[in-house]
file start17.txt (compact mmCIF, C-alpha atoms)
# COMPACT_ATOMS: atom_id res chain seq x y z
CA CYS A 60 28.29 194.41 -130.18
CA ALA A 61 29.78 192.37 -133.00
CA THR A 62 33.48 192.86 -133.79
CA ALA A 63 34.33 194.15 -137.28
CA PRO A 64 36.27 191.78 -139.57
CA PRO A 65 40.00 192.30 -140.24
CA ALA A 66 40.78 194.97 -142.82
CA SER A 67 41.15 193.68 -146.37
CA ARG A 68 44.08 194.64 -148.61
CA ASP A 69 42.08 197.13 -150.64
CA SER A 70 40.49 198.92 -147.67
CA ALA A 71 40.93 202.69 -147.75
CA SER A 72 41.98 205.07 -145.01
CA PRO A 73 39.02 207.35 -144.23
CA THR A 74 40.83 210.55 -145.27
CA ASP A 75 37.86 211.94 -147.18
CA LEU A 76 35.41 211.49 -144.32
CA THR A 77 34.25 214.57 -142.42
CA ARG A 78 31.76 212.88 -140.07
CA TRP A 79 32.21 209.77 -137.99
CA GLN A 80 31.62 208.51 -134.48
CA LEU A 81 33.55 205.95 -132.48
CA LYS A 82 33.04 203.96 -129.29
CA GLY A 83 35.91 202.38 -127.43
CA LYS A 84 37.83 202.01 -124.24
CA LEU A 85 40.57 204.47 -123.34
CA ALA A 86 43.31 203.64 -120.83
CA ILE A 87 45.21 206.62 -119.44
CA ILE A 88 48.52 205.40 -118.02
CA GLN A 89 50.63 207.93 -116.13
CA PRO A 90 53.48 207.38 -113.68
CA ASP A 91 51.33 207.95 -110.58
CA GLU A 92 47.88 206.90 -111.75
CA ARG A 93 46.08 204.67 -114.23
CA LEU A 94 42.51 204.97 -115.33
CA SER A 95 40.36 203.09 -117.81
CA VAL A 96 37.25 204.78 -119.17
CA ASN A 97 34.74 204.32 -121.99
CA LEU A 98 34.94 206.86 -124.79
CA HIS A 99 32.29 208.06 -127.24
CA TRP A 100 33.67 210.47 -129.86
CA GLN A 101 31.59 212.28 -132.50
CA HIS A 102 33.65 214.04 -135.19
CA ASP A 103 31.81 216.45 -137.47
CA GLY A 104 34.05 218.52 -139.73
CA ASN A 105 36.10 220.64 -137.33
CA ARG A 106 33.88 219.98 -134.33
CA ASP A 107 34.60 217.16 -131.86
CA ASP A 108 32.31 215.96 -129.07
CA LEU A 109 33.79 213.44 -126.62
CA ARG A 110 32.14 211.82 -123.62
CA LEU A 111 34.01 209.65 -121.12
CA THR A 112 31.89 207.30 -119.03
CA ASN A 113 32.74 204.82 -116.31
CA LEU A 114 32.10 201.09 -116.31
CA PHE A 115 28.50 201.61 -115.15
CA GLY A 116 27.81 204.10 -117.92
CA SER A 117 27.72 207.35 -116.00
CA THR A 118 29.46 210.44 -117.33
CA LEU A 119 32.91 211.34 -116.03
CA ILE A 120 33.94 214.09 -118.46
CA THR A 121 32.65 215.69 -121.66
CA LEU A 122 34.86 217.64 -124.06
CA GLN A 123 33.72 219.82 -126.95
CA ALA A 124 36.22 221.38 -129.36
CA SER A 125 35.88 223.46 -132.52
CA GLU A 126 37.81 226.23 -134.18
CA ASN A 127 36.46 228.74 -131.64
CA GLY A 128 37.83 226.89 -128.59
CA ALA A 129 37.44 223.94 -126.27
CA LYS A 130 35.09 223.29 -123.35
CA ILE A 131 35.34 220.56 -120.70
CA ARG A 132 32.62 219.66 -118.23
CA TYR A 133 33.79 217.69 -115.20
CA GLN A 134 31.72 217.09 -112.04
CA ASP A 135 29.21 219.67 -113.19
CA GLN A 136 31.89 222.36 -113.51
CA THR A 137 32.61 223.83 -116.93
CA TYR A 138 36.10 224.90 -118.05
CA THR A 139 36.92 226.65 -121.33
CA GLY A 140 40.14 227.22 -123.24
CA ASP A 141 41.55 228.15 -126.63
CA ASN A 142 42.00 224.53 -127.67
CA THR A 143 41.99 220.97 -126.35
CA SER A 144 45.72 220.88 -125.69
CA GLU A 145 45.84 224.12 -123.73
CA LEU A 146 42.76 223.19 -121.70
CA LEU A 147 43.84 219.63 -120.91
CA GLY A 148 47.33 220.90 -120.05
CA ARG A 149 45.85 223.37 -117.59
CA LEU A 150 43.45 220.85 -116.02
CA THR A 151 45.55 217.69 -115.96
CA GLY A 152 49.14 218.89 -116.46
CA TRP A 153 49.31 216.90 -119.70
CA PRO A 154 48.59 219.02 -122.81
CA VAL A 155 47.09 216.36 -125.08
CA PRO A 156 46.22 217.76 -128.54
CA LEU A 157 43.46 215.16 -128.75
CA THR A 158 41.53 216.69 -131.62
CA ASP A 159 44.72 217.26 -133.66
CA LEU A 160 45.52 213.61 -133.10
CA SER A 161 42.14 212.35 -134.38
CA ARG A 162 43.50 211.86 -137.93
CA TRP A 163 46.41 209.89 -136.53
CA ILE A 164 44.21 207.89 -134.16
CA LEU A 165 42.30 206.63 -137.21
CA GLY A 166 45.59 205.89 -139.00
CA GLN A 167 45.10 208.67 -141.57
CA GLY A 168 48.43 210.54 -141.28
CA SER A 169 50.71 210.64 -144.32
CA GLN A 170 54.38 209.75 -144.65
CA ASP A 171 55.62 213.29 -144.92
CA GLU A 172 54.03 214.39 -141.66
CA GLY A 173 55.91 212.05 -139.36
CA GLU A 174 58.52 209.33 -139.27
CA MET A 175 56.46 206.32 -140.21
CA VAL A 176 57.26 202.61 -140.09
CA LEU A 177 54.94 200.51 -142.27
CA ASP A 178 53.80 196.95 -141.72
CA ALA A 179 53.75 194.11 -144.27
CA ASN A 180 50.53 195.49 -145.83
CA GLY A 181 52.08 198.93 -146.21
CA TRP A 182 49.87 200.28 -143.44
CA PRO A 183 51.24 202.39 -140.54
CA ALA A 184 52.72 200.32 -137.71
CA GLN A 185 54.48 203.10 -135.85
CA VAL A 186 54.64 206.87 -136.23
CA ILE A 187 56.89 209.43 -134.47
CA LEU A 188 55.22 212.82 -134.62
CA THR A 189 56.26 216.27 -133.42
CA LEU A 190 53.11 218.38 -133.20
CA ASP A 191 54.52 221.07 -130.94
CA PRO A 192 58.31 221.57 -130.94
CA SER A 193 58.18 222.77 -127.31
CA GLN A 194 56.73 219.39 -126.25
CA PRO A 195 58.25 215.88 -126.48
CA PRO A 196 57.31 214.02 -129.66
CA TRP A 197 54.39 211.57 -129.83
CA GLN A 198 54.97 207.92 -130.61
CA MET A 199 51.95 206.04 -131.94
CA ASN A 200 51.71 202.29 -132.40
CA TYR A 201 48.90 200.60 -134.31
CA GLN A 202 47.89 197.08 -133.23
CA GLY A 203 45.55 195.41 -135.74
CA TRP A 204 43.21 196.86 -138.35
CA GLN A 205 39.48 196.37 -138.82
CA GLN A 206 37.26 196.90 -141.83
CA VAL A 207 34.15 199.09 -141.63
CA GLU A 208 32.29 199.75 -144.88
CA GLY A 209 35.40 199.69 -147.02
CA TYR A 210 37.41 201.80 -144.56
CA ARG A 211 40.46 200.62 -142.65
CA ILE A 212 40.38 201.60 -138.96
CA PRO A 213 42.81 200.54 -136.21
CA ARG A 214 41.58 198.03 -133.64
CA MET A 215 43.90 199.49 -131.06
CA VAL A 216 46.25 202.45 -131.10
CA SER A 217 48.62 203.43 -128.32
CA LEU A 218 50.02 206.94 -127.98
CA ARG A 219 53.08 207.76 -125.84
CA GLN A 220 54.52 211.15 -124.98
CA GLY A 221 57.37 211.08 -122.48
CA ASP A 222 56.22 208.68 -119.76
CA ASN A 223 52.52 209.33 -120.29
CA ARG A 224 50.54 206.87 -122.38
CA LEU A 225 47.06 206.57 -123.88
CA LYS A 226 45.74 203.29 -125.23
CA LEU A 227 42.54 203.33 -127.24
CA ALA A 228 40.75 200.11 -128.15
CA LEU A 229 38.20 200.98 -130.85
CA SER A 230 35.23 198.62 -130.43
CA ASP A 231 32.94 200.44 -132.86
CA TRP A 232 33.53 203.08 -135.57
CA GLN A 233 30.79 204.40 -137.86
CA PRO A 234 31.13 206.89 -140.73
CA GLU A 235 28.56 209.68 -141.30
CA SER A 236 26.97 209.65 -137.81
CA SER A 237 23.57 211.37 -138.10
CA ARG A 238 23.68 214.73 -136.37
CA GLY B 135 5.63 202.13 -98.89
CA ALA B 136 7.90 201.56 -101.86
CA GLU B 137 11.04 201.52 -99.72
CA GLU B 138 9.72 198.76 -97.45
CA ASN B 139 8.50 196.71 -100.40
CA LEU B 140 11.88 196.95 -102.08
CA LYS B 141 13.70 196.05 -98.88
CA GLN B 142 11.47 192.99 -98.48
CA LYS B 143 12.20 191.84 -102.02
CA LEU B 144 15.93 192.39 -101.62
CA ALA B 145 15.98 190.70 -98.21
CA LYS B 146 15.39 187.40 -100.06
CA LEU B 147 18.25 188.12 -102.41
CA LYS B 148 21.23 188.21 -100.07
CA GLN B 149 23.21 186.51 -102.83
CA PHE B 150 22.54 186.37 -106.56
CA GLN B 151 24.26 186.16 -109.92
CA ALA B 152 23.18 186.90 -113.49
CA GLY B 153 24.42 187.67 -116.96
CA PHE B 154 23.89 191.26 -118.13
CA SER B 155 23.67 193.13 -121.39
CA GLN B 156 24.39 196.84 -121.02
CA GLN B 157 23.42 199.74 -123.30
CA VAL B 158 24.15 203.39 -122.60
CA PHE B 159 22.36 206.26 -124.40
CA ASP B 160 23.26 209.94 -124.31
CA ASP B 161 20.75 212.79 -124.10
CA GLN B 162 20.42 212.72 -127.92
CA GLY B 163 19.52 209.03 -127.85
CA ASN B 164 22.86 207.97 -129.36
CA LEU B 165 24.05 204.55 -128.27
CA ILE B 166 27.39 205.53 -126.73
CA GLN B 167 28.48 202.39 -124.88
CA GLU B 168 27.61 198.70 -124.98
CA GLY B 169 28.74 195.69 -123.03
CA ARG B 170 27.99 192.14 -121.99
CA GLY B 171 29.13 190.32 -118.90
CA ARG B 172 28.30 188.75 -115.56
CA LEU B 173 27.35 190.15 -112.19
CA ALA B 174 27.46 188.41 -108.81
CA VAL B 175 26.47 189.99 -105.50
CA SER B 176 26.77 188.90 -101.87
CA ALA B 177 25.24 191.55 -99.60
CA PRO B 178 26.29 193.70 -97.95
CA ASP B 179 29.76 194.32 -99.32
CA ARG B 180 30.84 191.78 -101.88
CA PHE B 181 30.24 191.88 -105.63
CA ARG B 182 31.82 190.84 -108.91
CA TRP B 183 31.25 192.84 -112.11
CA GLN B 184 32.84 191.09 -115.06
CA LEU B 185 32.63 192.62 -118.54
CA THR B 186 33.46 190.16 -121.31
CA ALA B 187 32.65 192.22 -124.46
CA PRO B 188 33.62 194.35 -126.29
CA GLU B 189 36.62 194.63 -123.95
CA GLU B 190 37.47 192.58 -120.91
CA SER B 191 37.41 194.18 -117.49
CA LEU B 192 36.70 193.01 -113.98
CA VAL B 193 35.67 194.70 -110.73
CA VAL B 194 35.70 192.65 -107.52
CA ALA B 195 34.67 193.96 -104.10
CA ASP B 196 35.99 191.48 -101.54
CA GLY B 197 34.57 193.19 -98.46
CA ASN B 198 37.78 195.11 -97.74
CA ALA B 199 38.68 196.77 -101.01
CA VAL B 200 37.62 196.98 -104.63
CA TRP B 201 39.92 195.54 -107.27
CA VAL B 202 39.63 196.90 -110.81
CA TYR B 203 41.48 194.77 -113.35
CA ASP B 204 41.54 195.97 -116.89
CA PRO B 205 44.01 194.32 -119.30
CA LEU B 206 44.16 197.51 -121.39
CA MET B 207 45.49 199.33 -118.34
CA GLU B 208 48.10 196.60 -117.80
CA ALA B 209 47.51 196.91 -114.06
CA VAL B 210 45.17 196.24 -111.18
CA SER B 211 43.87 199.34 -109.41
CA ILE B 212 42.76 199.00 -105.79
CA TYR B 213 40.21 201.41 -104.29
CA ARG B 214 38.61 201.78 -100.89
CA GLN B 215 35.32 199.92 -100.74
CA ASP B 216 32.88 202.72 -99.91
CA ASP B 217 33.67 205.18 -102.66
CA ALA B 218 33.87 202.58 -105.40
CA ILE B 219 30.22 201.69 -105.79
CA ALA B 220 28.68 204.86 -104.43
CA GLN B 221 26.22 206.32 -106.91
CA THR B 222 25.58 203.03 -108.69
CA PRO B 223 22.60 200.65 -108.47
CA LEU B 224 24.89 198.27 -106.60
CA THR B 225 24.68 200.54 -103.57
CA ILE B 226 20.98 199.86 -103.27
CA LEU B 227 21.32 196.18 -104.07
CA THR B 228 24.10 195.46 -101.61
CA ARG B 229 23.67 197.81 -98.67
CA THR B 230 20.72 197.64 -96.30
CA ASP B 231 21.89 200.21 -93.76
CA ALA B 232 19.86 203.36 -93.24
CA GLU B 233 22.83 205.56 -94.11
CA ALA B 234 22.76 204.35 -97.73
CA TRP B 235 18.96 204.27 -98.15
CA ASP B 236 18.23 207.57 -96.41
CA GLN B 237 19.86 209.42 -99.28
CA TYR B 238 17.10 208.35 -101.70
CA ARG B 239 13.38 208.83 -102.22
CA PHE B 240 11.75 205.61 -103.41
CA SER B 241 8.73 205.04 -105.65
CA GLU B 242 7.08 201.97 -107.09
CA GLN B 243 5.46 201.35 -110.50
CA GLY B 244 4.35 197.78 -111.07
CA GLN B 245 7.40 195.53 -110.72
CA CYS B 246 9.84 198.46 -110.89
CA PHE B 247 11.26 200.54 -108.04
CA THR B 248 12.90 203.92 -108.58
CA ALA B 249 15.38 205.64 -106.26
CA GLU B 250 15.99 209.35 -106.67
CA PRO B 251 18.66 211.11 -104.60
CA LYS B 252 17.35 213.66 -102.13
CA SER B 253 20.41 215.88 -102.60
CA GLU B 254 20.35 218.20 -105.61
CA ASP B 255 24.00 217.92 -106.55
CA SER B 256 24.13 214.16 -106.67
CA HIS B 257 25.78 212.99 -109.87
CA VAL B 258 23.13 210.30 -110.34
CA ARG B 259 19.61 211.57 -111.03
CA MET B 260 17.78 208.25 -110.87
CA MET B 261 18.35 204.56 -110.34
CA SER B 262 15.81 201.82 -110.88
CA VAL B 263 15.49 198.07 -110.38
CA CYS B 264 12.74 196.03 -112.06
CA PHE B 265 11.69 192.58 -110.95
CA ASP B 266 10.19 189.61 -112.71
CA GLY B 267 8.54 187.97 -109.75
CA GLU B 268 11.34 187.22 -107.28
CA ARG B 269 14.10 187.72 -109.84
CA ILE B 270 15.71 191.03 -110.80
CA ALA B 271 15.01 191.59 -114.50
CA SER B 272 16.78 194.90 -115.13
CA LEU B 273 18.70 197.80 -113.62
CA ALA B 274 18.97 201.34 -114.90
CA MET B 275 20.54 204.62 -113.91
CA VAL B 276 20.43 208.16 -115.31
CA ASP B 277 23.20 210.65 -114.57
CA SER B 278 23.10 214.43 -114.22
CA GLN B 279 23.72 214.82 -117.96
CA ALA B 280 20.70 212.69 -118.85
CA VAL B 281 22.90 209.77 -119.93
CA ARG B 282 20.90 206.57 -119.38
CA SER B 283 22.56 203.23 -118.67
CA GLU B 284 20.39 200.11 -118.89
CA PHE B 285 21.26 196.57 -117.83
CA ALA B 286 19.06 193.65 -118.92
CA LEU B 287 19.75 190.64 -116.69
CA SER B 288 19.51 187.02 -117.81
CA GLY B 289 19.93 183.65 -116.13
CA PHE B 290 19.24 185.22 -112.73
CA THR B 291 19.72 182.86 -109.80
CA SER B 292 20.05 183.37 -106.06
CA GLU B 293 21.44 179.90 -105.43
CA GLY B 294 24.95 178.47 -105.69
CA VAL B 295 26.91 181.73 -105.57
CA ALA B 296 30.48 180.65 -104.71
CA MET B 297 32.40 182.90 -102.31
CA SER B 298 35.43 182.48 -104.56
CA GLU B 299 33.63 184.83 -106.95
CA PHE B 300 34.46 187.64 -104.54
CA ARG B 301 38.18 187.04 -104.28
CA PHE B 302 40.68 188.47 -106.72
CA THR B 303 44.22 187.32 -107.44
CA ALA B 304 46.17 189.39 -109.93
CA PRO B 305 47.69 187.53 -112.90
CA GLU B 306 51.41 186.86 -112.53
CA GLY B 307 53.52 190.00 -112.93
CA THR B 308 50.59 192.42 -113.05
CA GLU B 309 51.42 195.94 -111.89
CA ILE B 310 49.55 196.98 -108.72
CA ASP B 311 48.19 200.54 -108.72
CA ASP B 312 47.00 201.08 -105.12
CA GLN B 313 44.65 204.08 -105.05
CA ARG B 314 43.39 203.61 -101.50
CA GLY B 315 45.40 206.57 -100.35
CA GLN B 316 46.90 206.86 -96.88

call {"tool": "encode", "arguments": {"input": "start17.txt", "output": "structure tokens"}}
result
Amino acid sequence: CATAPPASRDSASPTDLTRWQLKGKLAIIQPDERLSVNLHWQHDGNRDDLRLTNLFGSTLITLQASENGAKIRYQDQTYTGDNTSELLGRLTGWPVPLTDLSRWILGQGSQDEGEMVLDANGWPAQVILTLDPSQPPWQMNYQGWQQVEGYRIPRMVSLRQGDNRLKLALSDWQPESSR
Amino acid sequence: GAEENLKQKLAKLKQFQAGFSQQVFDDQGNLIQEGRGRLAVSAPDRFRWQLTAPEESLVVADGNAVWVYDPLMEAVSIYRQDDAIAQTPLTILTRTDAEAWDQYRFSEQGQCFTAEPKSEDSHVRMMSVCFDGERIASLAMVDSQAVRSEFALSGFTSEGVAMSEFRFTAPEGTEIDDQRGQ
């Protein structure tokens, strides 16, 4: 698993891409519990397939989301909901709009969508985002950028809402995953 | 039978250590997880599972508890020993008591042994260990969603395993997240 080189100045943000897949490690840090899992995420247009596995490679949770709803499978039980945020909120108490965040997780958001602080290269360093006015805003921090086939992808992105945090270290991102 | 043959082979491997290269494939054959690291085992209840790439993480079972240290999590989580390695190949490799082995049906194909859980609703569908003579060459497990995790071992040795491998001291100032429950 070779690490991708640092992003070059002329690398582009993958805004035009409809299909990609990523592998990484996700840390879920909440006041009373912390968990670190492996994440495989396939994005295909408006459909997202996520699988969380433990250190030994066995499945913990799968999540599928599209415009007709979201489905989570956990310990061989299946749960469905209108969308990722509603379903995760019901199951874990933390309504994470994961699929809405995918653009931001890859550093694709634009200046007019959130309060953005840029780094020396003019790339996002920090973004404050209000996706749902009834929920606290999201703060995203980007640590390092890697280059994959001309695209600029974060090496690590941390997301905080209130005192809940997600940290995603992207070890591998590929455009146009074959479906 | 297969179970006795496997027990005999493992009886000579009370302690061992090896490097491993891990690949995980989903039911579509996509490579969904990769890793490299080191594994050390001292039966029946001590092991060290150290991942060095692509991210660092460390699991140490010291005989009393299991320490999971993951820099990304900025903390050390502590779990009770028995539920930490249940449903992983380590159960078979480290425990020799009937209670652990009775849960599986064993079969043998050449240098490989397969353990399949007797209970239907077990999360793991199959575990296997393949030998190269006296040495363990590979481990594999398949979960109930047909996700297959394979570990190729290298530099396998059953000598010179230091007991310090199975002790864990948290780096200065690391947050402790004790999950052993009351």

call {"tool": "residues_around", "arguments": {"input": "start17.txt", "residues": "B:Val158", "least_positions_apart": "5", "cutoff": "12 Å", "atoms": "all atoms listed in the file", "output": "ChimeraX atom specification"}}
result
/A:82,97-99,110-118 /B:163-170,273-277,280-286

call {"tool": "interface_residues", "arguments": {"input": "start17.txt", "of": "chain A", "to": "chain B", "cutoff": "10 Å", "atoms": "all atoms listed in the file", "output": "PDB file with C-alpha atoms, in the frame of the given file"}}
result
ATOM      1  CA  CYS A  60      28.290 194.410-130.180  1.00  0.00           C
ATOM      2  CA  ALA A  61      29.780 192.370-133.000  1.00  0.00           C
ATOM      3  CA  THR A  62      33.480 192.860-133.790  1.00  0.00           C
ATOM      4  CA  GLN A  80      31.620 208.510-134.480  1.00  0.00           C
ATOM      5  CA  LEU A  81      33.550 205.950-132.480  1.00  0.00           C
ATOM      6  CA  LYS A  82      33.040 203.960-129.290  1.00  0.00           C
ATOM      7  CA  GLY A  83      35.910 202.380-127.430  1.00  0.00           C
ATOM      8  CA  LYS A  84      37.830 202.010-124.240  1.00  0.00           C
ATOM      9  CA  LEU A  85      40.570 204.470-123.340  1.00  0.00           C
ATOM     10  CA  ALA A  86      43.310 203.640-120.830  1.00  0.00           C
ATOM     11  CA  ILE A  87      45.210 206.620-119.440  1.00  0.00           C
ATOM     12  CA  ILE A  88      48.520 205.400-118.020  1.00  0.00           C
ATOM     13  CA  PRO A  90      53.480 207.380-113.680  1.00  0.00           C
ATOM     14  CA  ASP A  91      51.330 207.950-110.580  1.00  0.00           C
ATOM     15  CA  GLU A  92      47.880 206.900-111.750  1.00  0.00           C
ATOM     16  CA  ARG A  93      46.080 204.670-114.230  1.00  0.00           C
ATOM     17  CA  LEU A  94      42.510 204.970-115.330  1.00  0.00           C
ATOM     18  CA  SER A  95      40.360 203.090-117.810  1.00  0.00           C
ATOM     19  CA  VAL A  96      37.250 204.780-119.170  1.00  0.00           C
ATOM     20  CA  ASN A  97      34.740 204.320-121.990  1.00  0.00           C
ATOM     21  CA  LEU A  98      34.940 206.860-124.790  1.00  0.00           C
ATOM     22  CA  HIS A  99      32.290 208.060-127.240  1.00  0.00           C
ATOM     23  CA  TRP A 100      33.670 210.470-129.860  1.00  0.00           C
ATOM     24  CA  GLN A 101      31.590 212.280-132.500  1.00  0.00           C
ATOM     25  CA  ARG A 110      32.140 211.820-123.620  1.00  0.00           C
ATOM     26  CA  LEU A 111      34.010 209.650-121.120  1.00  0.00           C
ATOM     27  CA  THR A 112      31.890 207.300-119.030  1.00  0.00           C
ATOM     28  CA  ASN A 113      32.740 204.820-116.310  1.00  0.00           C
ATOM     29  CA  LEU A 114      32.100 201.090-116.310  1.00  0.00           C
ATOM     30  CA  PHE A 115      28.500 201.610-115.150  1.00  0.00           C
ATOM     31  CA  GLY A 116      27.810 204.100-117.920  1.00  0.00           C
ATOM     32  CA  SER A 117      27.720 207.350-116.000  1.00  0.00           C
ATOM     33  CA  THR A 118      29.460 210.440-117.330  1.00  0.00           C
ATOM     34  CA  LEU A 119      32.910 211.340-116.030  1.00  0.00           C
ATOM     35  CA  THR A 121      32.650 215.690-121.660  1.00  0.00           C
ATOM     36  CA  GLN A 134      31.720 217.090-112.040  1.00  0.00           C
ATOM     37  CA  ASP A 135      29.210 219.670-113.190  1.00  0.00           C
ATOM     38  CA  MET A 215      43.900 199.490-131.060  1.00  0.00           C
ATOM     39  CA  ARG A 224      50.540 206.870-122.380  1.00  0.00           C
ATOM     40  CA  LEU A 225      47.060 206.570-123.880  1.00  0.00           C
ATOM     41  CA  LYS A 226      45.740 203.290-125.230  1.00  0.00           C
ATOM     42  CA  LEU A 227      42.540 203.330-127.240  1.00  0.00           C
ATOM     43  CA  ALA A 228      40.750 200.110-128.150  1.00  0.00           C
ATOM     44  CA  LEU A 229      38.200 200.980-130.850  1.00  0.00           C
ATOM     45  CA  SER A 230      35.230 198.620-130.430  1.00  0.00           C
ATOM     46  CA  ASP A 231      32.940 200.440-132.860  1.00  0.00           C
ATOM     47  CA  SER A 236      26.970 209.650-137.810  1.00  0.00           C
ATOM     48  CA  SER A 237      23.570 211.370-138.100  1.00  0.00           C
ATOM     49  CA  ARG A 238      23.680 214.730-136.370  1.00  0.00           C
TER      50      ARG A 238
END

call {"tool": "residues_around", "arguments": {"input": "start17.txt", "residues": "B:Phe150", "least_positions_apart": "3", "cutoff": "10 Å", "atoms": "all atoms listed in the file", "output": "PyMOL selection string"}}
result
chain B and resi 146-147+173-177+181+269-270+290-296

call {"tool": "residues_near_point", "arguments": {"input": "start17.txt", "point": "(45.5, 193.9, -148.4)", "cutoff": "10 Å", "atoms": "only C-alpha atoms", "output": "list of chain:residue names"}}
result
A:Pro65, A:Ala66, A:Ser67, A:Arg68, A:Asp69, A:Ser70, A:Ala71, A:Ala179, A:Asn180, A:Gly181, A:Trp182

call {"tool": "residues_around", "arguments": {"input": "start17.txt", "residues": "B:Gly197", "least_positions_apart": "5", "cutoff": "8 Å", "atoms": "all atoms listed in the file", "output": "list in words"}}
result
Asp179, Arg180 and Gln215 of chain B

call {"tool": "closest_residue", "arguments": {"input": "start17.txt", "among": "B:Glu254, B:Glu268, B:Glu299, B:Glu306", "to": "B:Ala145", "atoms": "only C-alpha atoms"}}
result
B:Glu268

call {"tool": "closest_residue", "arguments": {"input": "start17.txt", "among": "A:Ser144, A:Ser161, A:Gln89, A:Gln233", "to": "A:Gln205", "atoms": "all atoms listed in the file"}}
result
A:Gln233

call {"tool": "closest_residue", "arguments": {"input": "start17.txt", "among": "A:Met199, A:Leu165, A:Met175, A:Leu150", "to": "A:His102", "atoms": "all atoms listed in the file"}}
result
A:Leu165

call {"tool": "closest_residue", "arguments": {"input": "start17.txt", "among": "A:Leu76, A:Leu190, A:Leu147, A:Ile131", "to": "A:Tyr210", "atoms": "all atoms listed in the file"}}
result
A:Leu76

call {"tool": "closest_residue", "arguments": {"input": "start17.txt", "among": "A:Asn105, A:Thr151, A:Thr158, A:Gln167", "to": "A:Pro213", "atoms": "only C-alpha atoms"}}
result
A:Gln167

call {"tool": "residues_around", "arguments": {"input": "start17.txt", "residues": "B:Cys246", "least_positions_apart": "4", "cutoff": "6 Å", "atoms": "all atoms listed in the file", "output": "ChimeraX atom specification"}}
result
/B:242,263-264

call {"tool": "closest_residue", "arguments": {"input": "start17.txt", "among": "A:Ser217, A:Asn223, A:Thr189, A:Thr74", "to": "A:Tyr201", "atoms": "all atoms listed in the file"}}
result
A:Ser217

call {"tool": "atom_distance", "arguments": {"input": "start17.txt", "atom1": "atom CA of B:Gln142", "atom2": "atom CA of B:Tyr238"}}
result
16.7 Å

call {"tool": "residues_around", "arguments": {"input": "start17.txt", "residues": "B:Gly244", "least_positions_apart": "5", "cutoff": "12 Å", "atoms": "all atoms listed in the file", "output": "list in words"}}
result
Ala136, Asn139, Leu140, Val263, Cys264, Phe265, Asp266 and Gly267 of chain B

call {"tool": "atom_distance", "arguments": {"input": "start17.txt", "atom1": "atom CA of A:Thr137", "atom2": "atom CA of A:Ala124"}}
result
13.2 Å

call {"tool": "atom_distance", "arguments": {"input": "start17.txt", "atom1": "atom CA of A:Arg149", "atom2": "atom CA of A:Arg106"}}
result
20.9 Å

call {"tool": "build_atoms", "arguments": {"input": "start17.txt", "residues": "stretch 294-306 of chain B", "atoms": "N, CA and C atoms", "output": "compact mmCIF listing (two decimals), keeping the file's coordinate frame"}}
result
# COMPACT_ATOMS: atom_id res chain seq x y z
N GLY B 294 23.66 178.96 -105.19
CA GLY B 294 24.95 178.47 -105.69
C GLY B 294 25.94 179.56 -106.04
N VAL B 295 25.90 180.69 -105.30
CA VAL B 295 26.91 181.73 -105.57
C VAL B 295 28.15 181.39 -104.75
N ALA B 296 29.27 181.09 -105.41
CA ALA B 296 30.48 180.65 -104.71
C ALA B 296 31.21 181.87 -104.16
N MET B 297 31.69 181.76 -102.91
CA MET B 297 32.40 182.90 -102.31
C MET B 297 33.70 183.21 -103.06
N SER B 298 34.19 182.22 -103.81
CA SER B 298 35.43 182.48 -104.56
C SER B 298 35.21 183.55 -105.62
N GLU B 299 33.94 183.77 -105.97
CA GLU B 299 33.63 184.83 -106.95
C GLU B 299 34.13 186.19 -106.44
N PHE B 300 34.20 186.32 -105.12
CA PHE B 300 34.46 187.64 -104.54
C PHE B 300 35.90 187.76 -104.05
N ARG B 301 36.75 186.89 -104.59
CA ARG B 301 38.18 187.04 -104.28
C ARG B 301 38.91 187.34 -105.57
N PHE B 302 39.96 188.13 -105.49
CA PHE B 302 40.68 188.47 -106.72
C PHE B 302 42.17 188.20 -106.53
N THR B 303 42.76 187.47 -107.46
CA THR B 303 44.22 187.32 -107.44
C THR B 303 44.74 187.82 -108.77
N ALA B 304 45.67 188.76 -108.70
CA ALA B 304 46.17 189.39 -109.93
C ALA B 304 46.98 188.38 -110.74
N PRO B 305 46.86 188.39 -112.06
CA PRO B 305 47.69 187.53 -112.90
C PRO B 305 49.17 187.80 -112.62
N GLU B 306 49.98 186.80 -112.79
CA GLU B 306 51.41 186.86 -112.53
C GLU B 306 52.02 188.13 -113.16
